[in-house]
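The block underneath contains the structure these notes are about, expressed in structure tokens.
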Amino acid sequence: MHTAAHTPPALNQDLSFEVTTRLGQPGPGKHGRTGVIHTPHGDIATPAFIPVATKATVKTLTPEQIRSTGAQAILSNAYHLYLQPGHDVVDAAGGVAAFENWHGPTYTDSGGFQVMSLGVGFKKVLAMDVANLTEQDIRAAKKERLAQVDEDGVDFKSVIDGSKHRFTPEVSMQIQHGLGADILFAFDELTTLVDTRQYQEESVARTHRWARRCLEEHHRLTLSRADKPRQSLWGVVQGAQYEDLRRQATRGLLELSDAAQAAGKRGFGGFGIGGALEKENLGTIVGWVCDELPEDKPRHLLGISEPDDIFTAVEAGADTFDCVAPTRLARRGGVYTLDGRMNLTNARFKRDFSGVDEEFGGYVSTNYSRAYLHHLLKAKEFLAGTLCTMHNLEFMIRLVDNIRASIDGGYYESYRDEFLGRYYAAKP
């Protein structure tokens with residue numbers, strides 16, 4: 001066992017976080033703040049929206065176009081990059097940032113969401129849409145799944161070719177170290193809101209045991225890959241809608257982190273908040289978790305992009321967010337405007353030569369008309385996805401940037417009320 005005296009220099013200096021401005025006085029459920037995450041590949045001013053580059057690319061965009069939207073960092077997917085081209089290929093290329101020509105901080109998720117969500121039959125509505133699940137959805141979950149969980153890990157079939165694979169906490173760490181992101185997440189078990197309380201309890205306990213194994217493997221890999229830039233492992237808090245389980249899970253991760261550091265090993269550099277979240281309870285659940293977390297650790301909320309959810313999460317204490325919704329909507333013609341969301345495939349835009357949102361501005365609104373984008377979408381031209389994606393990412397990133405500026409400037413509440421009042425008042 002390595003002791004603190006034998007710890008290599010800067011072993012725990014993978015990243016640091018500082019709070020810049022607090023959103024009022026911190027109290028139960030209220031931990032909003034601005035800050036800066038310092039990583040080996042650059043700083044992230046928080047709150048920040050992190051675009052999803054699932055397979056080492058934000059679909060339809062070049063890295064230069066991603067940068068033009070104001071993105072500070074991007075998040076790639078361990079599951080998909082493991083299947084194709086393989087984390088060994090990415091490692092040989094110098095890590096995911098070098099592989100995709102992204103000059104900035106990177107995140108990778110653990111693969112835990114994908115190995116479960118692509119096998120349980122819930123059509124990617126695991127977190128926010130439980131009220132809309134049909135009986136068919138629930139029956140599908142009870143059939144033979146593509147993913148099977150046991151104490152050691154998860155057996156699953158590839159979404160590409162049906163081949164059989166197995167993820168364990170150790171395998172997830174090996175994949176993510178090979179991918180070389182600045183921030184990686186511990187392997188956790190994804191549950192849904194239709195799982196029983198008993199199963200949620202069992203899952204939180206299992207995720208805790210997996211987190212301990214992730215810390216051990218992360219420490220081992222850091223020592224064996226001492227020539228690589230430091231990577232920060234973040235624990236993931238589960239517990240569904242149950243306050244006691246969320247708080248228990250958070251405290252358990254902190255205990256694991258403290259014990260690792262006391263033994264001269266690596267603790268968690270930050271924390272992810274994941275799992276089953278009902279929209280109406282989002283702020284409450286994030287608040288429970290942040291009540292338990294220390295001020296000097298950043299917090300990432302997985303899979304959130306609706307404007308009202310972002311404001312709610314920021315107030316509760318979340319620092320960064322990721323979601324595929326802005327890019328997925330864009331490829332189908334859905335675009336954000338200051339007056340709400342609209343779909344440019346609608347016939348009424350055929351002769352609308354105004355920009356997508358001229359008041360918002362930005363590259364796409366300044367240079368292309370709604371009519372042109374409508375034409376591209378109807379003609380199924382690839383450029384449609386590129387332009388709509390650029391617009392949506394710039395919109396979402398600027399929104400969160402404006403939230404950060406409003407906290408620093410002391411006018412957060414007025415900005416929030418003005419933005420949300422207009423965004424949800426009418427649909428263009």
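Residues are referred to by chain and number: the chain letter is A, B, ... according to the order shown in the structure tokens, the number counts from 1 in that chain, and ligands are numbered separately from 1 in the order shown.
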
task = Please return as a VMD selection string: the residues of stretch 332-405 of chain A that backbone DSSP assigns to strand (DSSP E).
result = chain A and resid 334 to 337 340 to 343

Can you list every residue of stretch 22-82 of chain A that has an atom at most 12 Å from stretch 338-362 of chain A, with its nearest atom pair and the distance in Å to one decimal, using only C-alpha atoms, ordered by chain then number, as CSV?
```
residue,atom,partner,partner_atom,distance
A:Ser68,CA,A:Gly362,CA,9.8
A:Thr69,CA,A:Gly362,CA,8.6
A:Gly70,CA,A:Gly362,CA,10.7
```

Writing out the chosen residues with C-alpha atoms as a PDB file, in the first residue's frame:
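In the end it all went to out.pdb:
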```pdb
ATOM      1  CA  SER A  68     -17.380  28.994 -32.351  1.00  0.00           C
ATOM      2  CA  THR A  69     -20.494  28.289 -30.246  1.00  0.00           C
ATOM      3  CA  GLY A  70     -18.604  29.247 -27.086  1.00  0.00           C
TER       4      GLY A  70
END
```

task = Determine the nearest neighbour of A:Ser203 from the options A:Val289, A:Ala425, A:Val149, A:Ala379, counting only C-alpha atoms.
result =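 Closest candidate: A:Val149.
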
message = Please determine, counting only C-alpha atoms, which residue among A:Leu184, A:Ile37, A:Ile304, A:Ile403 has the shortest atom-to-atom distance to A:Val286.
response = A:Ile304

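Minimum distance to A:Thr62 across A:Met390, A:Leu75, A:Leu15, A:Val400 (counting only C-alpha atoms) occurs at A:Met390.
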